[in-house]
$ cat model27.tsv   # TSV, N, CA and C atoms
chain	number	residue	atom	x	y	z
D	21	MET	N	0.84	-1.18	0.00
D	21	MET	CA	0.00	0.00	0.00
D	21	MET	C	0.89	1.24	0.00
D	22	GLU	N	0.65	2.12	-0.96
D	22	GLU	CA	1.43	3.35	-1.04
D	22	GLU	C	0.93	4.38	-0.04
D	23	ILE	N	1.85	5.18	0.42
D	23	ILE	CA	1.49	6.29	1.30
D	23	ILE	C	1.82	7.57	0.53
D	24	TYR	N	0.81	8.41	0.35
D	24	TYR	CA	1.00	9.66	-0.36
D	24	TYR	C	0.93	10.80	0.64
D	25	LEU	N	1.83	11.75	0.48
D	25	LEU	CA	1.82	12.91	1.36
D	25	LEU	C	0.69	13.85	1.00
D	26	ASP	N	0.44	14.01	-0.27
D	26	ASP	CA	-0.66	14.84	-0.74
D	26	ASP	C	-0.99	14.46	-2.17
D	27	HIS	N	-1.94	15.14	-2.75
D	27	HIS	CA	-2.36	14.83	-4.12
D	27	HIS	C	-1.24	15.04	-5.13
D	28	THR	N	-0.31	15.91	-4.81
D	28	THR	CA	0.79	16.18	-5.73
D	28	THR	C	1.62	14.92	-5.98
D	29	ASP	N	1.78	14.10	-4.95
D	29	ASP	CA	2.52	12.85	-5.12
D	29	ASP	C	1.86	11.97	-6.18
D	30	VAL	N	0.55	11.85	-6.10
D	30	VAL	CA	-0.19	11.03	-7.06
D	30	VAL	C	-0.09	11.63	-8.46
D	31	ILE	N	-0.22	12.93	-8.55
D	31	ILE	CA	-0.13	13.62	-9.84
D	31	ILE	C	1.22	13.35	-10.50
D	32	PHE	N	2.29	13.45	-9.74
D	32	PHE	CA	3.61	13.21	-10.32
D	32	PHE	C	3.81	11.76	-10.72
D	33	GLN	N	3.16	10.83	-10.03
D	33	GLN	CA	3.22	9.42	-10.44
D	33	GLN	C	2.50	9.23	-11.78
D	34	LEU	N	1.39	9.91	-11.97
D	34	LEU	CA	0.68	9.84	-13.26
D	34	LEU	C	1.57	10.36	-14.38
D	35	ILE	N	2.23	11.48	-14.13
D	35	ILE	CA	3.11	12.06	-15.15
D	35	ILE	C	4.29	11.14	-15.43
D	36	LEU	N	4.90	10.62	-14.37
D	36	LEU	CA	6.06	9.74	-14.52
D	36	LEU	C	5.73	8.50	-15.34
D	37	HIS	N	4.72	7.77	-14.91
D	37	HIS	CA	4.41	6.51	-15.58
D	37	HIS	C	3.78	6.74	-16.96
D	38	GLY	N	3.00	7.80	-17.10
D	38	GLY	CA	2.47	8.13	-18.41
D	38	GLY	C	3.59	8.48	-19.39
D	39	GLY	N	4.55	9.25	-18.92
D	39	GLY	CA	5.69	9.62	-19.77
D	39	GLY	C	6.53	8.41	-20.15
D	40	ASN	N	6.75	7.53	-19.18
D	40	ASN	CA	7.50	6.30	-19.48
D	40	ASN	C	6.78	5.47	-20.53
D	41	ALA	N	5.46	5.34	-20.37
D	41	ALA	CA	4.67	4.55	-21.33
D	41	ALA	C	4.74	5.16	-22.72
D	42	ARG	N	4.63	6.47	-22.80
D	42	ARG	CA	4.69	7.14	-24.10
D	42	ARG	C	6.04	6.91	-24.76
D	43	SER	N	7.12	7.06	-24.00
D	43	SER	CA	8.46	6.86	-24.54
D	43	SER	C	8.66	5.43	-25.03
D	44	LEU	N	8.18	4.47	-24.25
D	44	LEU	CA	8.32	3.07	-24.66
D	44	LEU	C	7.49	2.76	-25.90
D	45	ALA	N	6.33	3.36	-26.02
D	45	ALA	CA	5.50	3.15	-27.20
D	45	ALA	C	6.19	3.71	-28.45
D	46	MET	N	6.78	4.89	-28.31
D	46	MET	CA	7.50	5.47	-29.45
D	46	MET	C	8.74	4.63	-29.78
D	47	GLU	N	9.38	4.11	-28.76
D	47	GLU	CA	10.53	3.22	-28.97
D	47	GLU	C	10.09	1.96	-29.73
D	48	ALA	N	8.91	1.44	-29.40
D	48	ALA	CA	8.40	0.25	-30.09
D	48	ALA	C	8.24	0.51	-31.58
D	49	ILE	N	7.73	1.68	-31.93
D	49	ILE	CA	7.57	2.02	-33.34
D	49	ILE	C	8.93	2.06	-34.05
D	50	ALA	N	9.91	2.71	-33.42
D	50	ALA	CA	11.25	2.80	-34.02
D	50	ALA	C	11.88	1.42	-34.17
D	51	LEU	N	11.71	0.58	-33.17
D	51	LEU	CA	12.27	-0.78	-33.26
D	51	LEU	C	11.61	-1.57	-34.38
D	52	ALA	N	10.30	-1.47	-34.49
D	52	ALA	CA	9.59	-2.18	-35.56
D	52	ALA	C	10.02	-1.66	-36.92
D	53	LYS	N	10.19	-0.37	-37.04
D	53	LYS	CA	10.64	0.22	-38.31
D	53	LYS	C	11.99	-0.35	-38.72
D	54	ASN	N	12.83	-0.63	-37.72
D	54	ASN	CA	14.17	-1.17	-37.97
D	54	ASN	C	14.20	-2.69	-37.91
D	55	LYS	N	13.05	-3.32	-38.06
D	55	LYS	CA	12.89	-4.78	-38.16
D	55	LYS	C	13.20	-5.54	-36.87
D	56	ASP	N	13.21	-4.87	-35.74
D	56	ASP	CA	13.40	-5.56	-34.46
D	56	ASP	C	12.03	-5.79	-33.84
D	57	MET	N	11.35	-6.79	-34.34
D	57	MET	CA	9.97	-7.03	-33.91
D	57	MET	C	9.91	-7.54	-32.47
D	58	ALA	N	10.89	-8.35	-32.07
D	58	ALA	CA	10.91	-8.83	-30.69
D	58	ALA	C	11.12	-7.66	-29.73
D	59	GLY	N	12.03	-6.77	-30.09
D	59	GLY	CA	12.27	-5.58	-29.27
D	59	GLY	C	11.04	-4.69	-29.21
D	60	ALA	N	10.35	-4.57	-30.35
D	60	ALA	CA	9.14	-3.75	-30.40
D	60	ALA	C	8.06	-4.33	-29.50
D	61	GLN	N	7.87	-5.64	-29.55
D	61	GLN	CA	6.87	-6.28	-28.70
D	61	GLN	C	7.21	-6.11	-27.22
D	62	ASP	N	8.50	-6.21	-26.90
D	62	ASP	CA	8.93	-6.03	-25.51
D	62	ASP	C	8.65	-4.59	-25.05
D	63	ALA	N	8.95	-3.63	-25.90
D	63	ALA	CA	8.70	-2.23	-25.55
D	63	ALA	C	7.21	-1.97	-25.35
D	64	LEU	N	6.37	-2.58	-26.19
D	64	LEU	CA	4.92	-2.44	-26.01
D	64	LEU	C	4.46	-3.05	-24.70
D	65	LYS	N	5.03	-4.20	-24.36
D	65	LYS	CA	4.68	-4.85	-23.10
D	65	LYS	C	5.05	-3.96	-21.92
D	66	ARG	N	6.25	-3.40	-21.97
D	66	ARG	CA	6.69	-2.52	-20.89
D	66	ARG	C	5.86	-1.25	-20.84
D	67	ALA	N	5.44	-0.74	-22.00
D	67	ALA	CA	4.56	0.43	-22.03
D	67	ALA	C	3.24	0.10	-21.34
D	68	GLY	N	2.72	-1.08	-21.60
D	68	GLY	CA	1.49	-1.51	-20.95
D	68	GLY	C	1.65	-1.60	-19.43
D	69	GLU	N	2.80	-2.08	-18.99
D	69	GLU	CA	3.07	-2.16	-17.55
D	69	GLU	C	3.12	-0.77	-16.92
D	70	GLU	N	3.73	0.17	-17.63
D	70	GLU	CA	3.77	1.55	-17.12
D	70	GLU	C	2.37	2.16	-17.05
D	71	LEU	N	1.55	1.87	-18.06
D	71	LEU	CA	0.18	2.37	-18.04
D	71	LEU	C	-0.61	1.74	-16.88
D	72	SER	N	-0.34	0.48	-16.60
D	72	SER	CA	-1.00	-0.16	-15.46
D	72	SER	C	-0.61	0.51	-14.15
D	73	ARG	N	0.66	0.87	-14.03
D	73	ARG	CA	1.11	1.58	-12.82
D	73	ARG	C	0.40	2.94	-12.71
D	74	ALA	N	0.35	3.64	-13.84
D	74	ALA	CA	-0.31	4.94	-13.84
D	74	ALA	C	-1.78	4.79	-13.47
D	75	HIS	N	-2.42	3.78	-14.03
D	75	HIS	CA	-3.83	3.56	-13.74
D	75	HIS	C	-4.04	3.26	-12.26
D	76	HIS	N	-3.12	2.52	-11.67
D	76	HIS	CA	-3.20	2.24	-10.23
D	76	HIS	C	-3.20	3.55	-9.43
D	77	HIS	N	-2.31	4.46	-9.78
D	77	HIS	CA	-2.24	5.74	-9.08
D	77	HIS	C	-3.49	6.58	-9.35
D	78	GLN	N	-3.97	6.53	-10.56
D	78	GLN	CA	-5.20	7.26	-10.90
D	78	GLN	C	-6.37	6.72	-10.09
D	79	THR	N	-6.46	5.41	-9.95
D	79	THR	CA	-7.52	4.80	-9.15
D	79	THR	C	-7.43	5.24	-7.70
D	80	THR	N	-6.22	5.31	-7.18
D	80	THR	CA	-6.02	5.79	-5.81
D	80	THR	C	-6.56	7.21	-5.67
D	81	PHE	N	-6.26	8.03	-6.65
D	81	PHE	CA	-6.72	9.41	-6.66
D	81	PHE	C	-8.25	9.47	-6.67
D	82	ILE	N	-8.85	8.66	-7.51
D	82	ILE	CA	-10.31	8.62	-7.62
D	82	ILE	C	-10.94	8.13	-6.32
D	83	GLN	N	-10.36	7.11	-5.73
D	83	GLN	CA	-10.89	6.59	-4.47
D	83	GLN	C	-10.82	7.64	-3.36
D	84	LYS	N	-9.75	8.42	-3.34
D	84	LYS	CA	-9.65	9.49	-2.35
D	84	LYS	C	-10.77	10.50	-2.55
D	85	GLU	N	-11.04	10.83	-3.80
D	85	GLU	CA	-12.10	11.79	-4.07
D	85	GLU	C	-13.46	11.23	-3.65
D	86	ILE	N	-13.70	9.97	-3.92
D	86	ILE	CA	-14.95	9.34	-3.51
D	86	ILE	C	-15.10	9.36	-1.99
D	87	ALA	N	-13.96	9.21	-1.29
D	87	ALA	CA	-13.96	9.21	0.17
D	87	ALA	C	-14.11	10.61	0.76
D	88	GLY	N	-14.20	11.62	-0.10
D	88	GLY	CA	-14.42	12.97	0.39
D	88	GLY	C	-13.22	13.88	0.34
D	89	GLU	N	-12.08	13.37	-0.06
D	89	GLU	CA	-10.87	14.20	-0.19
D	89	GLU	C	-10.84	14.80	-1.59
D	90	LYS	N	-11.61	15.82	-1.79
D	90	LYS	CA	-11.71	16.43	-3.11
D	90	LYS	C	-10.45	17.24	-3.41
D	91	PRO	N	-9.77	16.89	-4.51
D	91	PRO	CA	-8.55	17.64	-4.84
D	91	PRO	C	-8.88	18.99	-5.47
D	92	GLU	N	-7.98	19.88	-5.30
D	92	GLU	CA	-8.09	21.15	-6.01
D	92	GLU	C	-7.77	20.87	-7.48
D	93	ILE	N	-8.62	21.32	-8.35
D	93	ILE	CA	-8.36	21.13	-9.78
D	93	ILE	C	-7.30	22.16	-10.17
D	94	SER	N	-6.14	21.66	-10.49
D	94	SER	CA	-5.02	22.54	-10.82
D	94	SER	C	-4.54	22.26	-12.24
D	95	MET	N	-3.73	23.15	-12.75
D	95	MET	CA	-3.13	22.93	-14.06
D	95	MET	C	-2.26	21.68	-14.03
D	96	LEU	N	-1.63	21.40	-12.90
D	96	LEU	CA	-0.79	20.21	-12.77
D	96	LEU	C	-1.63	18.94	-12.89
D	97	LEU	N	-2.79	18.92	-12.25
D	97	LEU	CA	-3.68	17.77	-12.36
D	97	LEU	C	-4.18	17.60	-13.79
D	98	ILE	N	-4.57	18.68	-14.41
D	98	ILE	CA	-5.02	18.63	-15.80
D	98	ILE	C	-3.90	18.14	-16.70
D	99	HIS	N	-2.70	18.63	-16.46
D	99	HIS	CA	-1.53	18.19	-17.24
D	99	HIS	C	-1.30	16.69	-17.06
D	100	ALA	N	-1.41	16.21	-15.84
D	100	ALA	CA	-1.18	14.79	-15.57
D	100	ALA	C	-2.20	13.92	-16.31
D	101	GLN	N	-3.47	14.32	-16.25
D	101	GLN	CA	-4.51	13.57	-16.94
D	101	GLN	C	-4.30	13.61	-18.46
D	102	ASP	N	-3.93	14.77	-18.96
D	102	ASP	CA	-3.65	14.91	-20.39
D	102	ASP	C	-2.47	14.03	-20.79
D	103	HIS	N	-1.45	14.04	-19.97
D	103	HIS	CA	-0.25	13.23	-20.21
D	103	HIS	C	-0.61	11.74	-20.27
D	104	LEU	N	-1.42	11.32	-19.32
D	104	LEU	CA	-1.81	9.91	-19.26
D	104	LEU	C	-2.66	9.52	-20.47
D	105	MET	N	-3.64	10.32	-20.80
D	105	MET	CA	-4.51	10.00	-21.93
D	105	MET	C	-3.72	9.99	-23.25
D	106	ASN	N	-2.78	10.91	-23.38
D	106	ASN	CA	-1.91	10.94	-24.55
D	106	ASN	C	-1.09	9.65	-24.64
D	107	ALA	N	-0.55	9.22	-23.51
D	107	ALA	CA	0.25	8.00	-23.49
D	107	ALA	C	-0.58	6.79	-23.88
D	108	MET	N	-1.81	6.74	-23.40
D	108	MET	CA	-2.69	5.62	-23.74
D	108	MET	C	-2.98	5.59	-25.24
D	109	THR	N	-3.23	6.74	-25.80
D	109	THR	CA	-3.52	6.82	-27.24
D	109	THR	C	-2.29	6.42	-28.05
D	110	ILE	N	-1.14	6.93	-27.68
D	110	ILE	CA	0.09	6.61	-28.43
D	110	ILE	C	0.41	5.13	-28.32
D	111	LYS	N	0.18	4.53	-27.15
D	111	LYS	CA	0.44	3.09	-26.99
D	111	LYS	C	-0.47	2.30	-27.91
D	112	ASP	N	-1.76	2.68	-27.99
D	112	ASP	CA	-2.69	1.98	-28.88
D	112	ASP	C	-2.24	2.12	-30.34
D	113	LEU	N	-1.86	3.31	-30.72
D	113	LEU	CA	-1.40	3.53	-32.10
D	113	LEU	C	-0.09	2.80	-32.36
D	114	ALA	N	0.79	2.75	-31.38
D	114	ALA	CA	2.07	2.05	-31.54
D	114	ALA	C	1.83	0.57	-31.80
D	115	SER	N	0.85	-0.01	-31.15
D	115	SER	CA	0.52	-1.42	-31.38
D	115	SER	C	0.14	-1.64	-32.84
D	116	GLU	N	-0.63	-0.71	-33.37
D	116	GLU	CA	-1.04	-0.80	-34.78
D	116	GLU	C	0.17	-0.62	-35.72
D	117	PHE	N	1.04	0.32	-35.40
D	117	PHE	CA	2.23	0.55	-36.22
D	117	PHE	C	3.14	-0.67	-36.21
D	118	VAL	N	3.32	-1.28	-35.06
D	118	VAL	CA	4.18	-2.47	-34.96
D	118	VAL	C	3.61	-3.59	-35.83
D	119	GLU	N	2.31	-3.79	-35.76
D	119	GLU	CA	1.68	-4.82	-36.60
D	119	GLU	C	1.84	-4.48	-38.07
D	120	LEU	N	1.63	-3.21	-38.42
D	120	LEU	CA	1.77	-2.78	-39.80
D	120	LEU	C	3.20	-2.99	-40.31
D	121	TYR	N	4.19	-2.59	-39.52
D	121	TYR	CA	5.59	-2.80	-39.92
D	121	TYR	C	5.90	-4.29	-40.08
D	122	SER	N	5.31	-5.12	-39.25
D	122	SER	CA	5.51	-6.56	-39.36
D	122	SER	C	5.06	-7.05	-40.73
D	123	HIS	N	3.88	-6.58	-41.17
D	123	HIS	CA	3.36	-6.98	-42.49
D	123	HIS	C	4.20	-6.39	-43.62
D	124	VAL	N	4.63	-5.17	-43.47
D	124	VAL	CA	5.46	-4.51	-44.50
D	124	VAL	C	6.78	-5.27	-44.67
D	125	HIS	N	7.43	-5.59	-43.56
D	125	HIS	CA	8.71	-6.29	-43.65
D	125	HIS	C	8.53	-7.69	-44.23
D	126	ALA	N	7.45	-8.37	-43.87
D	126	ALA	CA	7.18	-9.71	-44.42
D	126	ALA	C	6.92	-9.63	-45.91
D	127	ALA	N	6.20	-8.62	-46.35
D	127	ALA	CA	5.91	-8.47	-47.77
D	127	ALA	C	7.18	-8.17	-48.56
D	128	LYS	N	8.05	-7.33	-48.00
D	128	LYS	CA	9.32	-7.02	-48.67
D	128	LYS	C	10.19	-8.28	-48.80
D	129	GLU	N	10.21	-9.08	-47.73
D	129	GLU	CA	11.01	-10.30	-47.77
D	129	GLU	C	10.45	-11.31	-48.77
D	130	ALA	N	9.15	-11.26	-48.97
D	130	ALA	CA	8.52	-12.16	-49.92
D	130	ALA	C	8.60	-11.63	-51.35
D	131	GLY	N	9.14	-10.42	-51.49
D	131	GLY	CA	9.29	-9.84	-52.82
D	131	GLY	C	8.03	-9.21	-53.36
D	132	VAL	N	7.12	-8.91	-52.50
D	132	VAL	CA	5.85	-8.32	-52.93
D	132	VAL	C	5.97	-6.83	-53.04

$ encode --input "model27.tsv" --output "structure tokens"
Amino acid sequence: MEIYLDHTDVIFQLILHGGNARSLAMEAIALAKNKDMAGAQDALKRAGEELSRAHHHQTTFIQKEIAGEKPEISMLLIHAQDHLMNAMTIKDLASEFVELYSHVHAAKEAGV
């Protein structure tokens, strides 16, 4: 069980793990482009793990609000949520890019 000093701790965890997930998703695309499909799949897996961590912190935040600890809506909170949603979108798109590159590389190898 995590202990948070205040809402800022949770917000920074969202930013941290969201940013890590986004970076790993972009890395997956670059690896797939360079024909490292195993590396791309690993990066996508790690991006998913980072998103799970972020989601855990987000759930903690939501549970606190339900319990009556209403956070002040700040630009930092909005930024954290934006960061997380952006990371989720990029991870989903990266999965599609990795699959697409897999087909492109297979077609090139087959001479198509």

$ closest_residue --input "model27.tsv" --among "D:Glu92, D:Glu129, D:Glu116, D:Glu70" --to "D:Arg42" --atoms "only N, CA and C atoms"
D:Glu70

$ atom_distance --input "model27.tsv" --atom1 "atom CA of D:Ala52" --atom2 "atom C of D:Tyr121"
6.2 Å

$ closest_residue --input "model27.tsv" --among "D:Ala41, D:Ser72, D:His27, D:Val124" --to "D:Ile110" --atoms "all atoms listed in the file"
D:Ala41

$ closest_residue --input "model27.tsv" --among "D:Ser43, D:Gln83, D:Gln78, D:Asn54" --to "D:Ala114" --atoms "only C-alpha atoms"
D:Ser43

$ closest_residue --input "model27.tsv" --among "D:Ala126, D:His76, D:Gly38, D:Gln33" --to "D:Met108" --atoms "all atoms listed in the file"
D:Gly38

$ atom_distance --input "model27.tsv" --atom1 "atom CA of D:Glu89" --atom2 "atom CA of D:Ile35"
20.6 Å

$ atom_distance --input "model27.tsv" --atom1 "atom N of D:Arg73" --atom2 "atom C of D:Ile49"
21.7 Å

$ residues_near_point --input "model27.tsv" --point "(6.5, 6.3, -30.7)" --cutoff "12 Å" --atoms "only C-alpha atoms" --output "compact mmCIF listing (two decimals) with N, CA and C atoms, keeping the file's coordinate frame"
# COMPACT_ATOMS: atom_id res chain seq x y z
N GLY D 39 4.55 9.25 -18.92
CA GLY D 39 5.69 9.62 -19.77
C GLY D 39 6.53 8.41 -20.15
N ASN D 40 6.75 7.53 -19.18
CA ASN D 40 7.50 6.30 -19.48
C ASN D 40 6.78 5.47 -20.53
N ALA D 41 5.46 5.34 -20.37
CA ALA D 41 4.67 4.55 -21.33
C ALA D 41 4.74 5.16 -22.72
N ARG D 42 4.63 6.47 -22.80
CA ARG D 42 4.69 7.14 -24.10
C ARG D 42 6.04 6.91 -24.76
N SER D 43 7.12 7.06 -24.00
CA SER D 43 8.46 6.86 -24.54
C SER D 43 8.66 5.43 -25.03
N LEU D 44 8.18 4.47 -24.25
CA LEU D 44 8.32 3.07 -24.66
C LEU D 44 7.49 2.76 -25.90
N ALA D 45 6.33 3.36 -26.02
CA ALA D 45 5.50 3.15 -27.20
C ALA D 45 6.19 3.71 -28.45
N MET D 46 6.78 4.89 -28.31
CA MET D 46 7.50 5.47 -29.45
C MET D 46 8.74 4.63 -29.78
N GLU D 47 9.38 4.11 -28.76
CA GLU D 47 10.53 3.22 -28.97
C GLU D 47 10.09 1.96 -29.73
N ALA D 48 8.91 1.44 -29.40
CA ALA D 48 8.40 0.25 -30.09
C ALA D 48 8.24 0.51 -31.58
N ILE D 49 7.73 1.68 -31.93
CA ILE D 49 7.57 2.02 -33.34
C ILE D 49 8.93 2.06 -34.05
N ALA D 50 9.91 2.71 -33.42
CA ALA D 50 11.25 2.80 -34.02
C ALA D 50 11.88 1.42 -34.17
N LEU D 51 11.71 0.58 -33.17
CA LEU D 51 12.27 -0.78 -33.26
C LEU D 51 11.61 -1.57 -34.38
N ALA D 52 10.30 -1.47 -34.49
CA ALA D 52 9.59 -2.18 -35.56
C ALA D 52 10.02 -1.66 -36.92
N LYS D 53 10.19 -0.37 -37.04
CA LYS D 53 10.64 0.22 -38.31
C LYS D 53 11.99 -0.35 -38.72
N ALA D 60 10.35 -4.57 -30.35
CA ALA D 60 9.14 -3.75 -30.40
C ALA D 60 8.06 -4.33 -29.50
N ALA D 63 8.95 -3.63 -25.90
CA ALA D 63 8.70 -2.23 -25.55
C ALA D 63 7.21 -1.97 -25.35
N LEU D 64 6.37 -2.58 -26.19
CA LEU D 64 4.92 -2.44 -26.01
C LEU D 64 4.46 -3.05 -24.70
N ALA D 67 5.44 -0.74 -22.00
CA ALA D 67 4.56 0.43 -22.03
C ALA D 67 3.24 0.10 -21.34
N ASN D 106 -2.78 10.91 -23.38
CA ASN D 106 -1.91 10.94 -24.55
C ASN D 106 -1.09 9.65 -24.64
N ALA D 107 -0.55 9.22 -23.51
CA ALA D 107 0.25 8.00 -23.49
C ALA D 107 -0.58 6.79 -23.88
N MET D 108 -1.81 6.74 -23.40
CA MET D 108 -2.69 5.62 -23.74
C MET D 108 -2.98 5.59 -25.24
N THR D 109 -3.23 6.74 -25.80
CA THR D 109 -3.52 6.82 -27.24
C THR D 109 -2.29 6.42 -28.05
N ILE D 110 -1.14 6.93 -27.68
CA ILE D 110 0.09 6.61 -28.43
C ILE D 110 0.41 5.13 -28.32
N LYS D 111 0.18 4.53 -27.15
CA LYS D 111 0.44 3.09 -26.99
C LYS D 111 -0.47 2.30 -27.91
N ASP D 112 -1.76 2.68 -27.99
CA ASP D 112 -2.69 1.98 -28.88
C ASP D 112 -2.24 2.12 -30.34
N LEU D 113 -1.86 3.31 -30.72
CA LEU D 113 -1.40 3.53 -32.10
C LEU D 113 -0.09 2.80 -32.36
N ALA D 114 0.79 2.75 -31.38
CA ALA D 114 2.07 2.05 -31.54
C ALA D 114 1.83 0.57 -31.80
N SER D 115 0.85 -0.01 -31.15
CA SER D 115 0.52 -1.42 -31.38
C SER D 115 0.14 -1.64 -32.84
N GLU D 116 -0.63 -0.71 -33.37
CA GLU D 116 -1.04 -0.80 -34.78
C GLU D 116 0.17 -0.62 -35.72
N PHE D 117 1.04 0.32 -35.40
CA PHE D 117 2.23 0.55 -36.22
C PHE D 117 3.14 -0.67 -36.21
N VAL D 118 3.32 -1.28 -35.06
CA VAL D 118 4.18 -2.47 -34.96
C VAL D 118 3.61 -3.59 -35.83

$ select_by_dssp --input "model27.tsv" --residues "chain D" --states "alpha helix (DSSP H)" --output "VMD selection string"
chain D and resid 27 to 53 57 to 86 95 to 129

$ residues_around --input "model27.tsv" --residues "D:Ile31" --least-positions-apart "2" --cutoff "8 Å" --atoms "all atoms listed in the file" --output "ChimeraX atom specification"
/D:26-29,33-37,77-78,81,96-97,99-101

$ closest_residue --input "model27.tsv" --among "D:Glu119, D:Lys55, D:Val30, D:Gly131" --to "D:Thr80" --atoms "only C-alpha atoms"
D:Val30

$ build_atoms --input "model27.tsv" --residues "stretch 82-99 of chain D" --atoms "N, CA, C and O atoms" --output "PDB file, keeping the file's coordinate frame"
ATOM      1  N   ILE D  82      -8.850   8.660  -7.510  1.00  0.00           N
ATOM      2  CA  ILE D  82     -10.310   8.620  -7.620  1.00  0.00           C
ATOM      3  C   ILE D  82     -10.940   8.130  -6.320  1.00  0.00           C
ATOM      4  O   ILE D  82     -11.939   8.692  -5.855  1.00  0.00           O
ATOM      5  N   GLN D  83     -10.360   7.110  -5.730  1.00  0.00           N
ATOM      6  CA  GLN D  83     -10.890   6.590  -4.470  1.00  0.00           C
ATOM      7  C   GLN D  83     -10.820   7.640  -3.360  1.00  0.00           C
ATOM      8  O   GLN D  83     -11.742   7.734  -2.548  1.00  0.00           O
ATOM      9  N   LYS D  84      -9.750   8.420  -3.340  1.00  0.00           N
ATOM     10  CA  LYS D  84      -9.650   9.490  -2.350  1.00  0.00           C
ATOM     11  C   LYS D  84     -10.770  10.500  -2.550  1.00  0.00           C
ATOM     12  O   LYS D  84     -11.367  10.976  -1.582  1.00  0.00           O
ATOM     13  N   GLU D  85     -11.040  10.830  -3.800  1.00  0.00           N
ATOM     14  CA  GLU D  85     -12.100  11.790  -4.070  1.00  0.00           C
ATOM     15  C   GLU D  85     -13.460  11.230  -3.650  1.00  0.00           C
ATOM     16  O   GLU D  85     -14.275  11.942  -3.046  1.00  0.00           O
ATOM     17  N   ILE D  86     -13.700   9.970  -3.920  1.00  0.00           N
ATOM     18  CA  ILE D  86     -14.950   9.340  -3.510  1.00  0.00           C
ATOM     19  C   ILE D  86     -15.100   9.360  -1.990  1.00  0.00           C
ATOM     20  O   ILE D  86     -16.192   9.536  -1.458  1.00  0.00           O
ATOM     21  N   ALA D  87     -13.960   9.210  -1.290  1.00  0.00           N
ATOM     22  CA  ALA D  87     -13.960   9.210   0.170  1.00  0.00           C
ATOM     23  C   ALA D  87     -14.110  10.610   0.760  1.00  0.00           C
ATOM     24  O   ALA D  87     -14.125  10.775   1.977  1.00  0.00           O
ATOM     25  N   GLY D  88     -14.200  11.620  -0.100  1.00  0.00           N
ATOM     26  CA  GLY D  88     -14.420  12.970   0.390  1.00  0.00           C
ATOM     27  C   GLY D  88     -13.220  13.880   0.340  1.00  0.00           C
ATOM     28  O   GLY D  88     -13.319  15.057   0.670  1.00  0.00           O
ATOM     29  N   GLU D  89     -12.080  13.370  -0.060  1.00  0.00           N
ATOM     30  CA  GLU D  89     -10.870  14.200  -0.190  1.00  0.00           C
ATOM     31  C   GLU D  89     -10.840  14.800  -1.590  1.00  0.00           C
ATOM     32  O   GLU D  89     -10.150  14.319  -2.478  1.00  0.00           O
ATOM     33  N   LYS D  90     -11.610  15.820  -1.790  1.00  0.00           N
ATOM     34  CA  LYS D  90     -11.710  16.430  -3.110  1.00  0.00           C
ATOM     35  C   LYS D  90     -10.450  17.240  -3.410  1.00  0.00           C
ATOM     36  O   LYS D  90     -10.105  18.158  -2.677  1.00  0.00           O
ATOM     37  N   PRO D  91      -9.770  16.890  -4.510  1.00  0.00           N
ATOM     38  CA  PRO D  91      -8.550  17.640  -4.840  1.00  0.00           C
ATOM     39  C   PRO D  91      -8.880  18.990  -5.470  1.00  0.00           C
ATOM     40  O   PRO D  91      -9.947  19.174  -6.060  1.00  0.00           O
ATOM     41  N   GLU D  92      -7.980  19.880  -5.300  1.00  0.00           N
ATOM     42  CA  GLU D  92      -8.090  21.150  -6.010  1.00  0.00           C
ATOM     43  C   GLU D  92      -7.770  20.870  -7.480  1.00  0.00           C
ATOM     44  O   GLU D  92      -6.785  20.199  -7.780  1.00  0.00           O
ATOM     45  N   ILE D  93      -8.620  21.320  -8.350  1.00  0.00           N
ATOM     46  CA  ILE D  93      -8.360  21.130  -9.780  1.00  0.00           C
ATOM     47  C   ILE D  93      -7.300  22.160 -10.170  1.00  0.00           C
ATOM     48  O   ILE D  93      -7.548  23.365 -10.142  1.00  0.00           O
ATOM     49  N   SER D  94      -6.140  21.660 -10.490  1.00  0.00           N
ATOM     50  CA  SER D  94      -5.020  22.540 -10.820  1.00  0.00           C
ATOM     51  C   SER D  94      -4.540  22.260 -12.240  1.00  0.00           C
ATOM     52  O   SER D  94      -4.889  21.236 -12.837  1.00  0.00           O
ATOM     53  N   MET D  95      -3.730  23.150 -12.750  1.00  0.00           N
ATOM     54  CA  MET D  95      -3.130  22.930 -14.060  1.00  0.00           C
ATOM     55  C   MET D  95      -2.260  21.680 -14.030  1.00  0.00           C
ATOM     56  O   MET D  95      -2.196  20.941 -15.018  1.00  0.00           O
ATOM     57  N   LEU D  96      -1.630  21.400 -12.900  1.00  0.00           N
ATOM     58  CA  LEU D  96      -0.790  20.210 -12.770  1.00  0.00           C
ATOM     59  C   LEU D  96      -1.630  18.940 -12.890  1.00  0.00           C
ATOM     60  O   LEU D  96      -1.248  17.988 -13.576  1.00  0.00           O
ATOM     61  N   LEU D  97      -2.790  18.920 -12.250  1.00  0.00           N
ATOM     62  CA  LEU D  97      -3.680  17.770 -12.360  1.00  0.00           C
ATOM     63  C   LEU D  97      -4.180  17.600 -13.790  1.00  0.00           C
ATOM     64  O   LEU D  97      -4.192  16.492 -14.325  1.00  0.00           O
ATOM     65  N   ILE D  98      -4.570  18.680 -14.410  1.00  0.00           N
ATOM     66  CA  ILE D  98      -5.020  18.630 -15.800  1.00  0.00           C
ATOM     67  C   ILE D  98      -3.900  18.140 -16.700  1.00  0.00           C
ATOM     68  O   ILE D  98      -4.116  17.296 -17.577  1.00  0.00           O
ATOM     69  N   HIS D  99      -2.700  18.630 -16.460  1.00  0.00           N
ATOM     70  CA  HIS D  99      -1.530  18.190 -17.240  1.00  0.00           C
ATOM     71  C   HIS D  99      -1.300  16.690 -17.060  1.00  0.00           C
ATOM     72  O   HIS D  99      -1.037  15.980 -18.034  1.00  0.00           O
TER      73      HIS D  99
END
